[in-house]
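Structure data (compact mmCIF, C-alpha atoms) from run.txt:
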# COMPACT_ATOMS: atom_id res chain seq x y z
CA MET L 1 82.45 151.43 102.25
CA PRO L 2 82.97 152.60 105.85
CA VAL L 3 82.40 150.21 108.73
CA ILE L 4 80.49 151.44 111.77
CA THR L 5 82.71 150.83 114.78
CA ALA L 6 80.58 152.32 117.57
CA VAL L 7 77.24 153.95 118.36
CA ARG L 8 77.54 156.27 121.37
CA THR L 9 74.60 157.86 123.20
CA ARG L 10 74.06 160.58 125.80
CA ASP L 11 71.02 161.85 127.72
CA VAL L 12 71.21 165.64 127.28
CA ARG L 13 68.64 167.86 129.01
CA PHE L 14 68.23 171.60 129.54
CA PRO L 15 66.28 173.14 132.47
CA THR L 16 63.88 175.23 130.37
CA SER L 17 61.01 174.60 132.80
CA LEU L 18 62.59 177.16 135.12
CA GLU L 19 61.45 179.98 132.82
CA LEU L 20 58.46 178.06 131.32
CA ASP L 21 59.99 178.24 127.85
CA GLY L 22 58.07 175.79 125.68
CA SER L 23 55.02 175.67 127.97
CA ASP L 24 51.58 174.98 126.52
CA ALA L 25 48.22 173.57 127.57
CA VAL L 26 49.54 169.99 127.65
CA ASN L 27 53.31 170.32 128.10
CA VAL L 28 53.11 172.58 131.12
CA ASP L 29 56.70 172.28 132.38
CA PRO L 30 59.01 171.04 129.61
CA ASP L 31 62.73 170.61 130.05
CA TYR L 32 63.87 170.57 126.44
CA SER L 33 66.04 167.50 125.93
CA ALA L 34 67.89 165.55 123.28
CA ALA L 35 68.61 161.86 123.11
CA HIS L 36 72.04 162.34 121.55
CA VAL L 37 73.76 159.75 119.36
CA GLU L 38 77.10 159.64 117.55
CA VAL L 39 77.98 157.02 114.93
CA ASP L 40 81.71 156.32 114.52
CA THR L 41 83.26 154.74 111.41
CA ASP L 42 86.58 153.07 110.79
CA ASP L 43 87.78 155.98 108.66
CA GLY L 44 87.49 158.38 111.61
CA ALA L 45 84.27 160.08 110.53
CA VAL L 46 81.49 160.79 113.03
CA GLY L 47 77.80 161.33 112.28
CA THR L 48 75.50 162.96 114.83
CA GLY L 49 71.79 162.53 115.42
CA ILE L 50 69.41 163.82 118.07
CA VAL L 51 65.84 162.99 119.10
CA PHE L 52 63.89 165.75 120.84
CA THR L 53 61.90 165.08 124.04
CA CYS L 54 60.48 167.22 126.85
CA GLY L 55 62.60 165.82 129.71
CA ARG L 56 61.48 162.79 131.70
CA GLY L 57 61.63 159.72 129.48
CA ASN L 58 64.59 160.98 127.48
CA GLU L 59 66.50 158.01 128.90
CA VAL L 60 63.98 155.67 127.24
CA VAL L 61 64.83 157.06 123.80
CA VAL L 62 68.53 156.78 124.64
CA ALA L 63 68.03 153.10 125.47
CA ALA L 64 66.18 152.56 122.18
CA LEU L 65 69.01 154.24 120.27
CA GLU L 66 71.46 151.86 121.94
CA SER L 67 69.31 148.85 121.07
CA TYR L 68 68.92 149.80 117.42
CA GLY L 69 72.59 150.76 117.29
CA HIS L 70 73.53 147.10 117.64
CA LEU L 71 72.04 146.53 114.18
CA LEU L 72 74.64 148.89 112.72
CA THR L 73 77.74 148.31 114.83
CA GLY L 74 80.35 146.24 112.98
CA SER L 75 78.56 146.46 109.64
CA GLU L 76 79.38 148.31 106.44
CA VAL L 77 77.16 151.17 105.39
CA ASP L 78 76.80 152.45 101.85
CA LEU L 79 76.38 156.19 102.27
CA ASP L 80 75.14 156.36 98.69
CA ASP L 81 72.31 153.93 99.48
CA LEU L 82 70.74 155.15 102.70
CA GLY L 83 67.40 153.75 101.62
CA GLU L 84 68.81 150.30 102.35
CA ALA L 85 70.22 151.38 105.70
CA SER L 86 66.89 152.89 106.74
CA ARG L 87 64.95 149.77 105.79
CA ARG L 88 67.44 147.65 107.74
CA LEU L 89 66.51 149.58 110.89
CA VAL L 90 62.81 150.30 110.38
CA HIS L 91 61.89 146.79 109.22
CA ASP L 92 64.01 144.75 111.61
CA SER L 93 62.08 141.53 112.15
CA GLN L 94 62.10 141.75 115.96
CA LEU L 95 62.53 145.38 117.01
CA ARG L 96 59.74 146.58 114.72
CA TRP L 97 57.28 144.75 117.01
CA LEU L 98 57.77 147.62 119.46
CA GLY L 99 55.96 149.93 117.04
CA PRO L 100 55.61 149.07 114.38
CA GLU L 101 56.76 152.40 112.91
CA LYS L 102 55.59 154.61 115.74
CA GLY L 103 56.66 155.98 119.09
CA VAL L 104 60.01 155.60 120.80
CA SER L 105 61.28 152.81 118.56
CA HIS L 106 60.52 154.72 115.37
CA MET L 107 62.07 157.91 116.73
CA ALA L 108 65.21 155.97 117.63
CA CYS L 109 65.39 154.68 114.06
CA GLY L 110 65.10 158.28 112.91
CA GLY L 111 67.92 159.43 115.17
CA LEU L 112 70.24 156.83 113.65
CA VAL L 113 69.09 157.44 110.08
CA ASN L 114 69.71 161.16 110.57
CA ALA L 115 73.17 160.40 111.93
CA LEU L 116 73.93 158.42 108.76
CA TRP L 117 72.78 161.34 106.63
CA ASP L 118 75.04 163.57 108.72
CA LEU L 119 77.91 161.24 107.78
CA ARG L 120 76.91 161.40 104.12
CA SER L 121 76.59 165.18 104.10
CA ARG L 122 79.92 165.67 105.85
CA ARG L 123 81.60 163.29 103.43
CA ASP L 124 80.19 165.37 100.56
CA GLY L 125 81.15 168.64 102.29
CA GLN L 126 77.62 170.02 101.89
CA PRO L 127 74.61 170.88 104.05
CA LEU L 128 71.88 168.26 103.94
CA TRP L 129 69.52 170.37 101.83
CA ARG L 130 72.13 170.68 99.09
CA VAL L 131 72.82 166.93 99.19
CA LEU L 132 69.11 166.19 98.77
CA SER L 133 68.60 168.88 96.15
CA SER L 134 71.48 167.61 94.03
CA ALA L 135 70.36 163.96 94.17
CA ALA L 136 68.88 162.45 91.02
CA PRO L 137 65.13 161.64 91.06
CA ASP L 138 65.82 157.90 90.99
CA GLU L 139 68.09 158.14 94.04
CA LEU L 140 65.45 160.04 96.00
CA VAL L 141 62.74 157.57 94.97
CA ASP L 142 64.94 154.78 96.32
CA VAL L 143 65.22 156.64 99.64
CA VAL L 144 61.44 156.53 100.14
CA ASP L 145 59.78 153.55 101.78
CA PHE L 146 56.53 153.14 99.82
CA THR L 147 55.20 150.44 102.15
CA HIS L 148 51.52 151.23 102.91
CA ILE L 149 51.50 154.52 100.98
CA SER L 150 51.67 153.32 97.37
CA ASP L 151 47.89 153.71 97.00
CA ALA L 152 48.42 157.46 97.41
CA LEU L 153 51.95 157.88 96.07
CA SER L 154 53.50 155.31 93.76
CA PRO L 155 57.22 155.27 92.94
CA ALA L 156 56.36 156.41 89.41
CA ALA L 157 54.29 159.35 90.73
CA ALA L 158 57.08 160.32 93.11
CA ARG L 159 59.57 160.25 90.27
CA ASP L 160 57.30 162.43 88.15
CA LEU L 161 57.10 165.01 90.96
CA LEU L 162 60.89 165.07 91.29
CA VAL L 163 61.48 165.28 87.54
CA ALA L 164 59.08 168.23 87.35
CA GLY L 165 60.74 169.76 90.40
CA ALA L 166 64.13 169.66 88.71
CA GLU L 167 63.09 172.31 86.19
CA GLY L 168 64.54 175.63 87.35
CA LYS L 169 66.15 173.99 90.39
CA GLU L 170 69.54 175.67 90.10
CA GLN L 171 67.95 179.12 89.93
CA ARG L 172 65.93 178.37 93.05
CA VAL L 173 69.02 177.11 94.87
CA GLN L 174 70.74 180.38 94.10
CA GLN L 175 67.68 182.33 95.22
CA LEU L 176 67.63 180.43 98.53
CA GLU L 177 71.29 181.19 99.08
CA ARG L 178 70.60 184.90 98.48
CA GLU L 179 67.24 185.33 100.20
CA GLY L 180 66.67 182.39 102.54
CA TYR L 181 63.24 180.98 103.43
CA PRO L 182 60.27 182.51 105.34
CA ALA L 183 60.04 181.93 109.09
CA TYR L 184 57.37 182.43 111.71
CA THR L 185 57.99 182.60 115.45
CA THR L 186 56.42 180.98 118.49
CA THR L 187 58.74 182.80 120.90
CA PRO L 188 56.01 185.22 122.14
CA GLY L 189 53.34 182.60 122.63
CA TRP L 190 54.25 180.18 125.41
CA LEU L 191 51.34 179.67 127.76
CA GLY L 192 53.39 180.28 130.90
CA TYR L 193 54.37 183.83 129.87
CA ASP L 194 52.53 186.75 131.44
CA ASP L 195 50.66 189.33 129.35
CA ASP L 196 53.43 191.92 129.45
CA LYS L 197 55.99 189.43 128.15
CA LEU L 198 53.57 188.27 125.44
CA VAL L 199 52.99 191.81 124.19
CA ARG L 200 56.68 192.76 124.34
CA LEU L 201 57.81 189.68 122.44
CA ALA L 202 55.00 190.00 119.87
CA ARG L 203 56.03 193.57 119.09
CA GLU L 204 59.67 192.53 118.89
CA ALA L 205 58.74 189.77 116.44
CA VAL L 206 57.08 192.24 114.08
CA ALA L 207 60.05 194.61 114.38
CA ASP L 208 62.34 191.68 113.52
CA GLY L 209 60.45 191.06 110.27
CA PHE L 210 58.25 188.08 111.10
CA GLY L 211 54.97 187.97 109.20
CA MET L 212 53.36 185.45 111.57
CA ILE L 213 53.51 184.62 115.26
CA LYS L 214 51.98 181.69 117.09
CA LEU L 215 50.22 181.50 120.46
CA LYS L 216 49.56 178.45 122.58
CA VAL L 217 45.90 178.05 123.54
CA GLY L 218 43.62 175.57 125.25
CA GLY L 219 44.18 176.22 128.93
CA ASP L 220 41.29 178.58 129.63
CA LEU L 221 38.95 180.16 127.06
CA ASP L 222 38.75 183.56 128.76
CA ASP L 223 42.54 183.67 129.01
CA ASP L 224 42.84 182.75 125.34
CA ARG L 225 40.43 185.50 124.32
CA ARG L 226 42.40 188.05 126.31
CA ARG L 227 45.77 186.88 125.01
CA MET L 228 44.54 186.81 121.40
CA ARG L 229 43.19 190.34 121.78
CA LEU L 230 46.46 191.58 123.24
CA ALA L 231 48.48 189.86 120.55
CA ARG L 232 46.29 191.24 117.75
CA GLU L 233 46.60 194.75 119.18
CA ALA L 234 50.36 194.33 119.45
CA VAL L 235 51.00 193.09 115.89
CA GLY L 236 48.23 194.84 113.98
CA PRO L 237 45.90 193.50 111.28
CA GLY L 238 48.58 192.69 108.70
CA VAL L 239 50.42 190.01 110.68
CA ARG L 240 49.10 186.45 110.87
CA ILE L 241 48.49 184.85 114.26
CA ALA L 242 48.41 181.05 114.37
CA VAL L 243 47.21 179.19 117.46
CA ASP L 244 48.21 175.79 118.80
CA ALA L 245 46.21 173.59 121.20
CA ASN L 246 48.71 170.71 121.38
CA GLN L 247 45.93 168.08 121.03
CA ARG L 248 44.08 169.39 124.09
CA TRP L 249 40.48 169.34 122.83
CA GLU L 250 37.72 166.95 121.93
CA VAL L 251 36.40 167.39 118.39
CA GLY L 252 33.28 169.41 119.23
CA GLU L 253 35.15 171.42 121.85
CA ALA L 254 37.74 172.42 119.26
CA VAL L 255 35.07 173.80 116.93
CA GLU L 256 33.36 175.76 119.71
CA TRP L 257 36.63 177.15 121.10
CA MET L 258 37.85 178.29 117.70
CA ARG L 259 34.55 179.96 116.89
CA ALA L 260 34.99 181.94 120.10
CA LEU L 261 38.44 183.09 118.96
CA ALA L 262 37.41 183.78 115.36
CA GLU L 263 36.97 187.54 115.87
CA HIS L 264 40.75 187.85 116.21
CA GLU L 265 41.30 186.17 112.82
CA PRO L 266 43.53 183.20 113.69
CA TRP L 267 45.37 181.92 110.62
CA TRP L 268 45.39 178.26 111.64
CA ILE L 269 44.55 176.04 114.56
CA GLU L 270 47.37 173.57 115.13
CA GLU L 271 46.81 170.15 116.69
CA PRO L 272 43.22 170.83 117.75
CA THR L 273 42.78 167.19 118.80
CA SER L 274 44.65 163.89 118.84
CA THR L 275 46.88 163.56 115.79
CA ASP L 276 45.68 159.95 115.47
CA ASP L 277 42.12 161.16 114.91
CA VAL L 278 42.09 161.64 111.15
CA LEU L 279 38.31 161.89 110.85
CA GLY L 280 38.16 164.22 113.85
CA HIS L 281 40.53 166.61 112.09
CA ALA L 282 38.32 166.49 109.01
CA THR L 283 35.26 167.36 111.09
CA ILE L 284 37.07 170.23 112.79
CA ARG L 285 38.31 171.54 109.45
CA ARG L 286 34.74 171.76 108.16
CA GLY L 287 33.58 173.38 111.40
CA VAL L 288 36.19 176.15 111.70
CA ALA L 289 36.66 177.20 108.06
CA PRO L 290 38.00 179.60 106.85
CA VAL L 291 40.49 179.12 109.70
CA LYS L 292 42.98 176.51 108.52
CA VAL L 293 43.78 173.26 110.31
CA ALA L 294 47.44 172.27 110.74
CA THR L 295 49.02 169.19 112.25
CA GLY L 296 51.99 166.88 111.92
CA GLU L 297 54.61 167.39 114.60
CA ALA L 298 53.38 164.36 116.56
CA VAL L 299 52.11 162.30 113.62
CA ALA L 300 53.72 158.90 113.98
CA ASN L 301 54.60 158.07 110.38
CA ARG L 302 54.03 158.62 106.66
CA ILE L 303 51.00 156.30 106.77
CA VAL L 304 49.03 158.62 109.04
CA VAL L 305 50.21 161.58 106.94
CA LYS L 306 48.78 159.80 103.90
CA GLN L 307 45.42 159.35 105.61
CA LEU L 308 45.22 162.98 106.77
CA LEU L 309 45.78 164.07 103.19
CA GLN L 310 43.43 161.51 101.64
CA ALA L 311 40.65 162.51 104.05
CA GLY L 312 41.05 166.23 103.34
CA ALA L 313 41.59 166.66 107.07
CA ILE L 314 44.31 169.35 107.08
CA ASP L 315 45.23 172.53 105.25
CA VAL L 316 48.85 172.53 106.44
CA LEU L 317 51.23 169.64 107.11
CA GLN L 318 53.81 170.20 109.85
CA ILE L 319 56.64 167.72 109.60
CA ASP L 320 59.06 167.20 112.48
CA ALA L 321 62.72 166.28 112.03
CA THR L 322 62.86 163.69 114.83
CA ARG L 323 59.35 162.29 115.26
CA VAL L 324 59.44 159.92 112.27
CA ALA L 325 62.19 157.66 110.89
CA GLY L 326 64.50 160.43 109.85
CA VAL L 327 65.37 162.04 106.54
CA ASN L 328 63.98 159.20 104.43
CA GLU L 329 60.49 159.32 105.86
CA ASN L 330 60.37 163.10 105.72
CA VAL L 331 61.23 162.98 102.02
CA ALA L 332 58.19 160.69 101.71
CA ASN L 333 56.06 163.17 103.68
CA LEU L 334 57.14 166.07 101.47
CA LEU L 335 56.28 164.11 98.34
CA LEU L 336 52.90 163.08 99.76
CA ALA L 337 52.08 166.71 100.57
CA ALA L 338 53.15 167.79 97.08
CA ARG L 339 50.99 165.05 95.56
CA PHE L 340 47.92 166.45 97.39
CA GLY L 341 48.83 170.13 96.98
CA VAL L 342 49.11 170.79 100.72
CA PRO L 343 51.79 173.23 101.95
CA VAL L 344 54.38 172.08 104.48
CA CYS L 345 55.26 174.35 107.40
CA PRO L 346 57.70 172.39 109.58
CA HIS L 347 57.55 172.20 113.35
CA ALA L 348 60.67 173.47 115.10
CA GLY L 349 61.72 174.84 118.48
CA GLY L 350 62.80 172.25 121.01
CA VAL L 351 66.48 171.28 121.01
CA GLY L 352 67.99 171.49 117.54
CA LEU L 353 64.72 171.14 115.66
CA CYS L 354 65.23 174.49 113.92
CA GLU L 355 68.73 173.40 112.93
CA LEU L 356 67.48 170.10 111.49
CA VAL L 357 64.11 170.81 109.94
CA GLN L 358 65.13 173.87 107.94
CA HIS L 359 66.86 171.57 105.45
CA PHE L 360 63.55 170.00 104.41
CA SER L 361 61.91 173.30 103.48
CA PHE L 362 64.96 174.39 101.51
CA PHE L 363 64.94 171.06 99.68
CA ASP L 364 61.17 171.23 99.13
CA TYR L 365 61.41 174.63 97.45
CA ALA L 366 64.54 173.82 95.46
CA ALA L 367 63.66 170.37 94.14
CA VAL L 368 60.03 169.43 94.82
CA THR L 369 57.35 172.14 94.79
CA GLY L 370 59.19 175.28 93.69
CA THR L 371 56.87 177.49 95.74
CA GLN L 372 56.99 179.30 99.09
CA GLU L 373 53.35 180.41 99.04
CA ASP L 374 51.74 180.07 102.49
CA ARG L 375 54.87 178.26 103.69
CA ALA L 376 57.14 179.11 106.60
CA ILE L 377 59.44 177.31 109.03
CA GLU L 378 58.73 177.67 112.74
CA TYR L 379 61.41 179.49 114.72
CA VAL L 380 61.96 179.60 118.46
CA ASP L 381 64.85 181.52 119.97
CA HIS L 382 66.03 178.90 122.46
CA LEU L 383 69.22 176.83 122.87
CA HIS L 384 70.85 177.56 119.51
CA GLU L 385 74.10 178.49 121.23
CA HIS L 386 74.71 174.81 121.97
CA PHE L 387 75.10 173.89 118.27
CA THR L 388 78.19 174.17 116.12
CA ASP L 389 76.10 175.43 113.16
CA PRO L 390 73.21 177.34 114.73
CA VAL L 391 70.37 178.63 112.59
CA VAL L 392 70.59 182.19 111.34
CA VAL L 393 67.33 184.13 111.00
CA ARG L 394 67.39 187.65 109.55
CA GLY L 395 64.44 189.82 108.70
CA GLY L 396 62.02 187.01 109.46
CA ARG L 397 63.76 184.54 107.12
CA TYR L 398 65.99 181.53 107.66
CA ALA L 399 69.38 182.00 106.02
CA ALA L 400 70.42 179.02 103.91
CA PRO L 401 72.57 176.57 105.92
CA THR L 402 76.11 176.43 104.51
CA GLY L 403 78.02 174.09 106.83
CA PRO L 404 78.30 170.37 106.02
CA GLY L 405 75.93 167.99 107.81
CA THR L 406 72.38 167.99 109.09
CA GLY L 407 72.86 170.66 111.78
CA ALA L 408 72.66 168.19 114.68
CA ARG L 409 76.23 168.53 115.94
CA MET L 410 76.46 170.11 119.40
CA HIS L 411 79.43 171.66 121.14
CA ALA L 412 81.23 169.01 123.19
CA GLU L 413 81.17 171.31 126.23
CA SER L 414 77.36 171.63 126.03
CA VAL L 415 76.92 167.86 125.81
CA GLU L 416 79.21 167.33 128.79
CA ARG L 417 77.69 170.09 130.92
CA TRP L 418 74.05 169.12 130.35
CA THR L 419 74.26 165.32 130.32
CA PHE L 420 71.65 164.22 132.86
CA PRO L 421 72.08 163.84 135.78
CA GLY L 422 75.86 163.85 136.10
CA GLY L 423 76.85 166.83 133.95
CA GLU L 424 78.23 169.88 135.72
CA GLY L 425 75.14 171.99 134.98
CA TRP L 426 72.84 169.42 136.55
CA ARG L 427 75.18 168.77 139.48
CA GLU L 428 75.12 172.46 140.29
CA LEU L 429 71.32 172.62 140.14
CA LEU L 430 70.81 169.42 142.13
CA ALA L 431 73.46 170.17 144.73
CA GLY L 432 71.82 173.49 145.50
CA GLY L 433 68.36 171.95 145.31
CA ALA L 434 67.29 174.80 143.05
CA ASP L 435 68.43 177.50 140.66
CA GLY L 436 69.12 180.06 143.36
CA ALA L 437 65.51 181.27 143.36
CA GLY L 438 64.08 178.22 145.07
CA ARG L 439 63.10 176.43 141.88
CA VAL L 440 63.95 172.91 140.75
CA PRO L 441 63.71 171.87 137.07
CA ALA L 442 60.70 169.64 136.45
CA THR L 443 62.78 166.82 134.99
CA ALA L 444 64.62 166.52 138.31
CA ALA L 445 61.79 167.30 140.72
CA SER L 446 60.75 163.64 141.09
CA ARG L 447 64.28 162.35 141.70
CA SER L 448 65.06 161.18 145.21
CA ASP L 449 68.31 163.14 145.23
CA ALA L 450 66.78 166.39 143.90

Encoding of this model in structure tokens:
Amino acid sequence: MPVITAVRTRDVRFPTSLELDGSDAVNVDPDYSAAHVEVDTDDGAVGTGIVFTCGRGNEVVVAALESYGHLLTGSEVDLDDLGEASRRLVHDSQLRWLGPEKGVSHMACGGLVNALWDLRSRRDGQPLWRVLSSAAPDELVDVVDFTHISDALSPAAARDLLVAGAEGKEQRVQQLEREGYPAYTTTPGWLGYDDDKLVRLAREAVADGFGMIKLKVGGDLDDDRRRMRLAREAVGPGVRIAVDANQRWEVGEAVEWMRALAEHEPWWIEEPTSTDDVLGHATIRRGVAPVKVATGEAVANRIVVKQLLQAGAIDVLQIDATRVAGVNENVANLLLAARFGVPVCPHAGGVGLCELVQHFSFFDYAAVTGTQEDRAIEYVDHLHEHFTDPVVVRGGRYAAPTGPGTGARMHAESVERWTFPGGEGWRELLAGGADGAGRVPATAASRSDA
């Protein structure tokens, strides 16, 4: 078994706030960032993980990655038993007090777990989705941490789902390699974009083959009505429009706001209120039907996912590749959703989230549910050029990843240039005090040397 010789971290940030890419009613000025980690082994292999943030505070996740990394450094890791490695991190007797299983500490665990899966996938010479899809049901059951979810999903029930999912798996794998997986795009919908840009990008999305776009809402009701009207006119009646409030509203406010937007036929309302408010989501779901309720990108762990499903609080689960404790916990989330018959439409965008999360939908179709009905992976056309294996989307569908690994590996030049604050890209911005147009990225605006 390989021995982990080092865990190396970097604080990588991109100045996306300059163009308001990623802006919504809550995250008004995001600088898309990645807490970047590399795990070295004594046989020369390197596994990469990233944790997405919106800028300030990225250094906190980096520090957590370093702290958890000490649990791995100098130890052997069995790449064929990553359930054990995950439990070693998530259930550490002292560090888990920082959560437990939520927030920065849990995300740091996920970054390291994902890096170990990157090592495993590269060793096997396969993309992550193929590694997961080819695993035996018993191996996948061992990956899942059933702590606090066994009342909803027992190991035996999980195994039954995976055994059933194995029927016809090879044909579905071949289909995915030929046809890919449905995508939807949020590129037109950032709240900071003006109306002309919204309309242009919405029309381009339809021309590019997307069957659904998503708009950010929740800043101002009159603005949302106007933007929804413009978007509906731009895409026509046959294209779905989802909306996303990023947890902005109170429960009653969410119901009232969505009723005001109902004439434009929104497909779902995403994160209408706090993702911790399970019963609030259930109330909203009853109040806005037939509009669907979706959430998940900021859900802390599989335990809250379980409760959302048990309470009948959501119509769509949106997993995120770096919010929970990595691949293992997202396998649990997929199995929970399958157990309750709820479709999974992963959250993406950010830095590398498209590259990472696509693997879960491909695995879900190939080896768990065998269906793509009402399912799609979010796509945002930002920052893919910084990755060695960027996503490929054609005709509104994700092409099946073919390169080995999880998709997290970035070009060394990108990591160097955008390491904050000393990378060349940041030195140029900070030395000039702006981007040449008098603007300073939000992540640097509060620095004394900005």

Spatial neighbours of segment 374-376 of chain L, max dist 9 Å, only C-alpha atoms, sep filter under 4 positions, as a PyMOL selection string: chain L and resi 181-184+212+316+343-346+361+397

Could you tell me how far atom CA of Ser134 of chain L lies from atom CA of Ala367 of chain L, in Å and to one decimal? 8.3 Å

Taking 5 positions as the minimum chain separation for residues in the same chain, which residues sit within 8 Å of segment 117-132 of chain L when counting only C-alpha atoms? Answer as a PyMOL selection string. chain L and resi 45-49+79-80+82+140+327+359-360+362-363+401-408

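Each of L:Gly341, L:Gly236, L:Pro2, L:Pro15 was checked against Thr419 of chain L using only C-alpha atoms; the smallest atom-to-atom distance is that of L:Pro15.
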
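Considering the residues L:Ala115, L:Leu201, L:Val163, L:Val299 and counting all atoms listed in the file, Lys102 of chain L has its shortest atom-to-atom contact with L:Val299.
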
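Atom pair atom CA of Ala289 of chain L / atom CA of Asn301 of chain L: separated by 26.3 Å.
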
Please list, as number ranges by chain, the residues that have an atom at most 10 Å away from (49.9, 189.1, 125.2) in the coordinates of this file, counting all atoms listed in the file. L: 188-191, 193-203, 215, 223-224, 226-234

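Between Pro100 of chain L and the residues L:Ala300, L:Phe420, L:Ile319, L:Ala313, the shortest atom-to-atom distance, using only C-alpha atoms, involves L:Ala300.
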
Contacts of Phe387 of chain L at 9 Å or less, counting all atoms listed in the file, minus same-chain residues fewer than 2 places along, as a list in words? Gly352, Glu355, Leu383, His384, Glu385, Asp389, Pro390, Val391, Gly407, Ala408, Arg409, Met410, His411 and Ser414 of chain L

Write out as number ranges by chain each polymer residue whose atoms come within 10 Å of Glu270 of chain L, counting all atoms listed in the file; drop sequence neighbours fewer than 5 positions from it. L: 214-217, 242-247, 292-297, 314, 316-318

Can those selected residues be exported to a file as a PDB file, in the coordinates of the input so that it contains C-alpha atoms?
ATOM      1  CA  LYS L 214      51.980 181.690 117.090  1.00  0.00           C
ATOM      2  CA  LEU L 215      50.220 181.500 120.460  1.00  0.00           C
ATOM      3  CA  LYS L 216      49.560 178.450 122.580  1.00  0.00           C
ATOM      4  CA  VAL L 217      45.900 178.050 123.540  1.00  0.00           C
ATOM      5  CA  ALA L 242      48.410 181.050 114.370  1.00  0.00           C
ATOM      6  CA  VAL L 243      47.210 179.190 117.460  1.00  0.00           C
ATOM      7  CA  ASP L 244      48.210 175.790 118.800  1.00  0.00           C
ATOM      8  CA  ALA L 245      46.210 173.590 121.200  1.00  0.00           C
ATOM      9  CA  ASN L 246      48.710 170.710 121.380  1.00  0.00           C
ATOM     10  CA  GLN L 247      45.930 168.080 121.030  1.00  0.00           C
ATOM     11  CA  LYS L 292      42.980 176.510 108.520  1.00  0.00           C
ATOM     12  CA  VAL L 293      43.780 173.260 110.310  1.00  0.00           C
ATOM     13  CA  ALA L 294      47.440 172.270 110.740  1.00  0.00           C
ATOM     14  CA  THR L 295      49.020 169.190 112.250  1.00  0.00           C
ATOM     15  CA  GLY L 296      51.990 166.880 111.920  1.00  0.00           C
ATOM     16  CA  GLU L 297      54.610 167.390 114.600  1.00  0.00           C
ATOM     17  CA  ILE L 314      44.310 169.350 107.080  1.00  0.00           C
ATOM     18  CA  VAL L 316      48.850 172.530 106.440  1.00  0.00           C
ATOM     19  CA  LEU L 317      51.230 169.640 107.110  1.00  0.00           C
ATOM     20  CA  GLN L 318      53.810 170.200 109.850  1.00  0.00           C
TER      21      GLN L 318
END

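If you look at atom CA of Glu250 of chain L and atom CA of Gly103 of chain L, they are 22.1 Å away from each other.
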